[in-house]
file run.cif (mmCIF, C-alpha atoms)
data_data
#
loop_
_atom_site.label_atom_id
_atom_site.label_comp_id
_atom_site.auth_asym_id
_atom_site.auth_seq_id
_atom_site.Cartn_x
_atom_site.Cartn_y
_atom_site.Cartn_z
CA MET A 23 0.00 0.00 0.00
CA LYS A 24 2.88 2.35 0.80
CA ILE A 25 4.44 1.79 -2.63
CA ARG A 26 1.07 2.35 -4.27
CA ALA A 27 0.66 5.65 -2.39
CA ILE A 28 4.15 6.77 -3.43
CA LEU A 29 3.46 5.95 -7.09
CA LEU A 30 0.15 7.79 -6.91
CA ASN A 31 1.80 10.87 -5.44
CA LEU A 32 4.50 10.77 -8.11
CA ALA A 33 1.86 10.55 -10.84
CA VAL A 34 -0.02 13.51 -9.37
CA ALA A 35 3.21 15.51 -9.10
CA LEU A 36 4.09 14.70 -12.72
CA ILE A 37 0.66 15.78 -13.96
CA ALA A 38 0.89 19.00 -11.93
CA LEU A 39 4.33 19.69 -13.42
CA VAL A 40 3.05 19.18 -16.97
CA VAL A 41 0.07 21.47 -16.33
CA LEU A 42 2.06 24.21 -14.59
CA PHE A 43 5.14 24.23 -16.83
CA PRO A 44 3.63 26.42 -19.63
CA LEU A 45 2.46 28.95 -17.03
CA VAL A 46 5.86 29.06 -15.33
CA TRP A 47 7.67 29.36 -18.66
CA MET A 48 5.31 32.17 -19.73
CA VAL A 49 6.25 34.15 -16.62
CA SER A 50 9.93 33.39 -17.11
CA VAL A 51 9.93 34.53 -20.76
CA SER A 52 8.20 37.79 -19.83
CA PHE A 53 11.34 38.78 -17.87
CA MET A 54 13.80 37.89 -20.66
CA ALA A 55 15.55 40.40 -22.90
CA THR A 56 14.13 40.91 -26.39
CA GLY A 57 14.95 37.96 -28.67
CA GLU A 58 16.29 35.71 -25.90
CA ALA A 59 13.31 33.32 -26.05
CA ALA A 60 13.76 32.85 -29.82
CA THR A 61 17.08 31.04 -29.40
CA PHE A 62 17.32 27.26 -29.70
CA PRO A 63 16.95 25.47 -27.43
CA PRO A 64 14.67 27.97 -25.66
CA PRO A 65 16.09 28.93 -22.25
CA LEU A 66 14.07 28.11 -19.13
CA TRP A 67 15.22 31.16 -17.16
CA PRO A 68 16.38 34.64 -18.18
CA LYS A 69 20.10 35.28 -18.26
CA VAL A 70 19.36 38.77 -16.94
CA TRP A 71 15.96 39.56 -15.42
CA THR A 72 14.37 42.69 -16.86
CA LEU A 73 11.10 44.61 -16.54
CA GLU A 74 11.45 46.36 -19.91
CA HIS A 75 8.48 44.57 -21.46
CA TYR A 76 6.14 45.43 -18.60
CA ARG A 77 7.27 49.06 -18.79
CA ASP A 78 6.65 49.03 -22.53
CA LEU A 79 3.15 47.61 -22.06
CA PHE A 80 2.04 50.22 -19.54
CA LEU A 81 3.99 53.26 -20.76
CA ASN A 82 3.75 52.82 -24.56
CA GLN A 83 1.02 50.28 -25.35
CA GLY A 84 -1.76 51.56 -23.07
CA MET A 85 -2.10 48.31 -21.13
CA GLY A 86 -3.27 50.15 -18.03
CA ARG A 87 -6.34 51.39 -19.89
CA TYR A 88 -7.18 47.90 -21.17
CA LEU A 89 -6.65 46.43 -17.69
CA TRP A 90 -9.13 48.94 -16.26
CA ASN A 91 -11.64 48.19 -19.04
CA SER A 92 -11.51 44.47 -18.31
CA PHE A 93 -11.77 44.96 -14.56
CA ALA A 94 -14.69 47.40 -14.81
CA LEU A 95 -16.63 45.23 -17.28
CA ALA A 96 -16.01 41.99 -15.37
CA THR A 97 -17.00 43.59 -12.05
CA LEU A 98 -20.19 45.13 -13.46
CA ALA A 99 -21.06 41.90 -15.27
CA THR A 100 -20.68 39.96 -12.02
CA ILE A 101 -22.82 42.38 -10.01
CA LEU A 102 -25.57 42.50 -12.64
CA ALA A 103 -25.56 38.74 -13.19
CA LEU A 104 -25.86 38.02 -9.48
CA GLY A 105 -28.53 40.69 -9.10
CA PHE A 106 -30.73 39.04 -11.75
CA THR A 107 -29.82 35.36 -11.46
CA VAL A 108 -29.82 34.75 -7.69
CA PRO A 109 -33.39 36.01 -7.04
CA ALA A 110 -34.64 34.20 -10.16
CA GLY A 111 -32.99 30.93 -9.16
CA TYR A 112 -34.49 31.17 -5.67
CA ALA A 113 -37.93 31.94 -7.12
CA PHE A 114 -37.81 28.88 -9.39
CA ALA A 115 -36.81 26.72 -6.41
CA LYS A 116 -39.07 27.93 -3.61
CA LEU A 117 -41.80 30.28 -4.85
CA LYS A 118 -44.91 28.86 -6.46
CA PHE A 119 -46.31 30.60 -9.53
CA LYS A 120 -48.26 29.50 -12.57
CA GLY A 121 -46.19 27.84 -15.29
CA ARG A 122 -43.06 27.60 -13.12
CA GLU A 123 -42.04 24.08 -14.07
CA ARG A 124 -42.87 24.46 -17.75
CA LEU A 125 -40.94 27.73 -18.01
CA PHE A 126 -37.94 26.22 -16.23
CA GLN A 127 -37.97 23.20 -18.55
CA PHE A 128 -38.01 25.56 -21.54
CA LEU A 129 -35.03 27.48 -20.17
CA VAL A 130 -33.05 24.30 -19.48
CA ALA A 131 -33.79 23.08 -23.01
CA ALA A 132 -32.32 26.34 -24.34
CA LEU A 133 -28.96 25.37 -22.78
CA VAL A 134 -28.28 23.08 -25.75
CA VAL A 135 -28.42 26.04 -28.16
CA PRO A 136 -24.87 27.38 -28.80
CA ALA A 137 -24.44 30.96 -27.62
CA GLN A 138 -22.78 31.91 -30.92
CA ILE A 139 -26.10 31.45 -32.73
CA GLY A 140 -27.54 34.46 -30.94
CA THR A 141 -24.53 36.69 -31.55
CA LEU A 142 -25.71 38.21 -34.84
CA PRO A 143 -29.34 38.86 -33.77
CA LEU A 144 -28.10 40.37 -30.50
CA PHE A 145 -25.63 42.61 -32.31
CA LEU A 146 -28.30 43.84 -34.74
CA MET A 147 -30.69 44.52 -31.87
CA LEU A 148 -28.07 46.49 -29.93
CA LYS A 149 -27.09 48.36 -33.08
CA GLY A 150 -30.69 49.46 -33.46
CA MET A 151 -30.65 50.65 -29.85
CA GLY A 152 -27.40 52.58 -30.36
CA LEU A 153 -25.42 50.44 -27.91
CA VAL A 154 -22.60 49.38 -30.25
CA ASN A 155 -19.17 50.45 -28.94
CA THR A 156 -20.54 51.00 -25.43
CA TYR A 157 -19.93 49.24 -22.15
CA ALA A 158 -23.69 48.73 -21.82
CA GLY A 159 -23.68 46.72 -25.04
CA ALA A 160 -20.73 44.65 -23.82
CA LEU A 161 -22.59 43.85 -20.59
CA VAL A 162 -25.88 42.68 -22.10
CA PRO A 163 -24.94 38.97 -22.57
CA TRP A 164 -23.97 38.76 -18.90
CA LEU A 165 -27.18 40.16 -17.40
CA ALA A 166 -28.56 36.67 -16.77
CA SER A 167 -27.52 33.19 -17.78
CA ILE A 168 -29.60 30.03 -17.87
CA PHE A 169 -26.72 28.02 -16.47
CA GLY A 170 -26.41 30.40 -13.52
CA LEU A 171 -30.14 30.25 -12.90
CA PHE A 172 -30.02 26.45 -12.96
CA LEU A 173 -27.04 26.42 -10.60
CA VAL A 174 -28.74 28.69 -8.04
CA ARG A 175 -32.04 26.81 -8.27
CA GLN A 176 -30.43 23.44 -7.63
CA TYR A 177 -28.66 24.80 -4.57
CA ALA A 178 -31.73 26.68 -3.29
CA LEU A 179 -33.73 23.43 -3.35
CA SER A 180 -31.69 22.36 -0.31
CA ILE A 181 -33.14 25.18 1.83
CA PRO A 182 -35.72 23.61 4.18
CA ASP A 183 -39.27 24.81 3.53
CA GLU A 184 -39.86 24.75 7.29
CA MET A 185 -37.23 27.46 7.79
CA LEU A 186 -38.93 29.72 5.27
CA GLU A 187 -42.38 29.05 6.75
CA ALA A 188 -41.09 29.83 10.24
CA ALA A 189 -39.83 33.19 9.00
CA ARG A 190 -43.22 33.92 7.40
CA ILE A 191 -45.05 32.99 10.62
CA ASP A 192 -42.79 35.41 12.50
CA GLY A 193 -44.07 38.15 10.20
CA ALA A 194 -41.11 38.48 7.82
CA GLY A 195 -41.90 39.57 4.27
CA GLU A 196 -40.52 37.84 1.21
CA GLY A 197 -37.88 40.52 0.81
CA GLN A 198 -36.71 40.12 4.40
CA ILE A 199 -36.66 36.33 4.05
CA PHE A 200 -34.56 36.61 0.91
CA ARG A 201 -32.06 39.02 2.46
CA ARG A 202 -31.74 37.52 5.95
CA VAL A 203 -32.35 33.81 5.41
CA VAL A 204 -31.79 32.89 1.76
CA LEU A 205 -28.73 34.97 0.85
CA PRO A 206 -26.55 33.74 3.78
CA THR A 207 -27.54 30.16 2.94
CA LEU A 208 -26.68 30.66 -0.73
CA GLN A 209 -23.25 32.20 -0.04
CA PRO A 210 -21.17 29.31 -1.46
CA ILE A 211 -23.12 29.15 -4.72
CA ILE A 212 -23.16 32.95 -5.01
CA VAL A 213 -19.35 33.01 -4.79
CA THR A 214 -19.15 30.14 -7.28
CA LEU A 215 -21.46 31.85 -9.76
CA GLY A 216 -19.68 35.16 -9.24
CA LEU A 217 -16.37 33.51 -10.11
CA PHE A 218 -17.87 31.89 -13.20
CA VAL A 219 -19.21 35.21 -14.45
CA PHE A 220 -16.11 37.25 -13.58
CA LEU A 221 -13.73 34.78 -15.21
CA GLY A 222 -16.00 34.38 -18.23
CA SER A 223 -16.32 38.13 -18.75
CA TRP A 224 -12.60 38.75 -18.14
CA ASN A 225 -11.54 36.08 -20.64
CA ASP A 226 -14.25 36.75 -23.22
CA PHE A 227 -12.78 37.61 -26.60
CA LEU A 228 -15.46 37.22 -29.29
CA TRP A 229 -18.21 39.49 -27.98
CA PRO A 230 -15.97 42.46 -26.98
CA LEU A 231 -14.25 42.13 -30.36
CA ILE A 232 -17.63 42.44 -32.09
CA ILE A 233 -19.32 45.09 -29.98
CA LEU A 234 -16.37 47.38 -29.06
CA THR A 235 -15.04 49.11 -32.15
CA ASP A 236 -13.03 51.89 -30.51
CA GLN A 237 -9.54 50.74 -29.49
CA SER A 238 -9.69 52.78 -26.28
CA ASN A 239 -12.57 50.53 -25.14
CA TYR A 240 -10.77 47.25 -25.80
CA THR A 241 -10.55 44.64 -23.07
CA LEU A 242 -7.29 42.80 -22.33
CA PRO A 243 -7.87 39.74 -24.58
CA VAL A 244 -8.84 41.93 -27.55
CA ALA A 245 -5.98 44.36 -26.92
CA LEU A 246 -3.49 41.51 -26.63
CA ALA A 247 -4.66 40.02 -29.93
CA SER A 248 -4.35 43.43 -31.59
CA LEU A 249 -0.90 43.90 -30.10
CA SER A 250 0.25 40.50 -31.34
CA ARG A 251 -0.41 41.55 -34.93
CA GLU A 252 1.95 44.51 -34.54
CA HIS A 253 4.62 42.72 -32.49
CA VAL A 254 4.33 39.16 -33.76
CA GLN A 255 8.08 38.56 -33.44
CA ASP A 256 8.38 39.98 -29.93
CA VAL A 257 7.66 36.83 -27.94
CA GLU A 258 8.78 38.34 -24.65
CA LEU A 259 6.40 41.29 -24.96
CA MET A 260 3.51 38.95 -25.78
CA MET A 261 4.29 36.80 -22.77
CA ALA A 262 4.34 39.87 -20.54
CA GLY A 263 0.92 40.79 -21.89
CA ALA A 264 -0.31 37.27 -21.20
CA VAL A 265 0.94 37.47 -17.62
CA VAL A 266 -0.92 40.75 -17.08
CA THR A 267 -4.07 39.11 -18.46
CA VAL A 268 -3.84 35.88 -16.47
CA ALA A 269 -2.44 37.04 -13.11
CA PRO A 270 -5.48 38.94 -11.72
CA VAL A 271 -7.99 36.14 -12.34
CA LEU A 272 -5.54 33.50 -11.11
CA ILE A 273 -5.05 35.38 -7.85
CA LEU A 274 -8.82 35.86 -7.50
CA PHE A 275 -9.48 32.16 -8.07
CA LEU A 276 -6.83 31.08 -5.55
CA ALA A 277 -8.26 33.48 -2.96
CA LEU A 278 -11.84 32.20 -3.37
CA GLN A 279 -11.23 28.57 -4.29
CA ARG A 280 -12.48 27.35 -0.89
CA TYR A 281 -15.93 28.83 -1.53
CA TYR A 282 -15.83 27.78 -5.18
CA ILE A 283 -15.15 24.12 -4.41
CA ARG A 284 -17.73 24.08 -1.62
CA GLY A 285 -20.36 25.54 -3.93
CA MET A 286 -19.60 23.14 -6.76
CA LEU A 287 -19.66 20.07 -4.49
CA ALA A 288 -22.86 21.14 -2.75
CA GLY A 289 -24.57 22.04 -6.00
CA SER A 290 -23.71 18.66 -7.46
CA VAL A 291 -25.68 16.71 -4.88
CA LYS A 292 -28.68 18.94 -4.22
CA GLY A 293 -32.07 18.65 -5.88
#

call {"tool": "encode", "arguments": {"input": "run.cif", "output": "structure tokens"}}
result
Amino acid sequence: MKIRAILLNLAVALIALVVLFPLVWMVSVSFMATGEAATFPPPLWPKVWTLEHYRDLFLNQGMGRYLWNSFALATLATILALGFTVPAGYAFAKLKFKGRERLFQFLVAALVVPAQIGTLPLFLMLKGMGLVNTYAGALVPWLASIFGLFLVRQYALSIPDEMLEAARIDGAGEGQIFRRVVLPTLQPIIVTLGLFVFLGSWNDFLWPLIILTDQSNYTLPVALASLSREHVQDVELMMAGAVVTVAPVLILFLALQRYYIRGMLAGSVKG
């Protein structure tokens, strides 16, 4: 058994090394001098560590503006998504209204429809409303998601009906019950959904590319793709841009992973 445990740990360590190596090498290359990564064989570590590429990104390439655009859009998308999705998911789980089950079944069935199919109709609709090249237009797809609604509903089903009825008997209104009883209970799934939305909005490339035409409004993924066309040979600069794009969401995920894992595990067994 001890040998088996050792072999299992070695296998896990090897898999972790394979998964983490590209990320570590990306960070390493971002600190290399221009052209150093293009040598063969590619070096693992810089001969001389330098911050020139990060300075170039923020002083000459406007990366600070793109970083702010991504952060503002991802934060607003998360707040709006939670504001719409959490109450709706709770309502589908615990509030009785006519056509509830049929409507929910219709929404779940819509999950099989690829999101890309609705891209053109949504763009034309927003164009008619004058929301092209605006942050409002970039936020529309994140206002509510069927997957998020399903996730919240499945978790909310675990809330005992007796607890809600006791609050009603004590004279609490539905708004008070939602704020004081439901929201604290839903904390793990709220954090999980918030992470999903924030990471999805931060990493989204296609929709910002379509809806944001002014370069000053670009998000980090779009700006990095545009920069790569101008500096296709500058591997070190591209890697520095990738680090700036990945680092914030990686830190956020590591900070909230405890809530994320708890929400995913709980949501997988409820309902």

call {"tool": "atom_distance", "arguments": {"input": "run.cif", "atom1": "atom CA of Leu274 of chain A", "atom2": "atom CA of Val204 of chain A"}}
result
24.9 Å

call {"tool": "atom_distance", "arguments": {"input": "run.cif", "atom1": "atom CA of Trp71 of chain A", "atom2": "atom CA of Ser50 of chain A"}}
result
8.8 Å

call {"tool": "residues_around", "arguments": {"input": "run.cif", "residues": "segment 213-230 of chain A", "least_positions_apart": "3", "cutoff": "8 Å", "atoms": "only C-alpha atoms", "output": "ChimeraX atom specification"}}
result
/A:92-93,95-97,99-101,103-104,141,160,164,170,173,209-210,233-234,240-244,271,275,278,281-283,285-286

call {"tool": "residues_near_point", "arguments": {"input": "run.cif", "point": "(-38.1, 35.2, 4.3)", "cutoff": "12 Å", "atoms": "only C-alpha atoms", "output": "JSON, numbers by chain"}}
result
{"A": [112, 113, 116, 117, 181, 182, 183, 184, 185, 186, 187, 188, 189, 190, 191, 192, 193, 194, 195, 196, 197, 198, 199, 200, 201, 202, 203, 204, 205, 206, 207]}

call {"tool": "closest_residue", "arguments": {"input": "run.cif", "among": "A:Ala277, A:Leu259, A:Leu161, A:Ala132", "to": "His75 of chain A", "atoms": "only C-alpha atoms"}}
result
A:Leu259

call {"tool": "closest_residue", "arguments": {"input": "run.cif", "among": "A:Val257, A:Ala27, A:Met54, A:Val154", "to": "Leu73 of chain A", "atoms": "only C-alpha atoms"}}
result
A:Met54

call {"tool": "closest_residue", "arguments": {"input": "run.cif", "among": "A:Ile37, A:Ile273, A:Ile168, A:Leu249", "to": "Asp78 of chain A", "atoms": "all atoms listed in the file"}}
result
A:Leu249

call {"tool": "atom_distance", "arguments": {"input": "run.cif", "atom1": "atom CA of Thr56 of chain A", "atom2": "atom CA of Asn91 of chain A"}}
result
27.8 Å

call {"tool": "resolve_selection", "arguments": {"input": "run.cif", "expression": "the PyMOL selection byres ((chain A and resi 77) around 12)", "output": "JSON, numbers by chain"}}
result
{"A": [52, 53, 72, 73, 74, 75, 76, 78, 79, 80, 81, 82, 83, 84, 85, 86, 259, 262, 263, 266]}

call {"tool": "closest_residue", "arguments": {"input": "run.cif", "among": "A:Leu30, A:Ser250, A:Ala158, A:Ala178", "to": "Ala94 of chain A", "atoms": "all atoms listed in the file"}}
result
A:Ala158

call {"tool": "closest_residue", "arguments": {"input": "run.cif", "among": "A:Glu258, A:Val134, A:Ala33, A:Leu272", "to": "Pro64 of chain A", "atoms": "only C-alpha atoms"}}
result
A:Glu258

call {"tool": "residues_near_point", "arguments": {"input": "run.cif", "point": "(-17.9, 53.3, -23.6)", "cutoff": "9 Å", "atoms": "all atoms listed in the file", "output": "PyMOL selection string"}}
result
chain A and resi 155-159+234+236+238-239

call {"tool": "write_last_selection", "arguments": {"input": "run.cif", "atoms": "C-alpha atoms", "output": "PDB file, keeping the file's coordinate frame"}}
result
ATOM      1  CA  ASN A 155     -19.170  50.450 -28.940  1.00  0.00           C
ATOM      2  CA  THR A 156     -20.540  51.000 -25.430  1.00  0.00           C
ATOM      3  CA  TYR A 157     -19.930  49.240 -22.150  1.00  0.00           C
ATOM      4  CA  ALA A 158     -23.690  48.730 -21.820  1.00  0.00           C
ATOM      5  CA  GLY A 159     -23.680  46.720 -25.040  1.00  0.00           C
ATOM      6  CA  LEU A 234     -16.370  47.380 -29.060  1.00  0.00           C
ATOM      7  CA  ASP A 236     -13.030  51.890 -30.510  1.00  0.00           C
ATOM      8  CA  SER A 238      -9.690  52.780 -26.280  1.00  0.00           C
ATOM      9  CA  ASN A 239     -12.570  50.530 -25.140  1.00  0.00           C
TER      10      ASN A 239
END

call {"tool": "closest_residue", "arguments": {"input": "run.cif", "among": "A:Ile232, A:Met151, A:Leu276, A:Ala115", "to": "Leu179 of chain A", "atoms": "only C-alpha atoms"}}
result
A:Ala115

call {"tool": "resolve_selection", "arguments": {"input": "run.cif", "expression": "the PyMOL selection byres ((chain A and resi 123-128) around 10)", "output": "PyMOL selection string"}}
result
chain A and resi 111+114-115+118-122+129-133+168+171-172+175
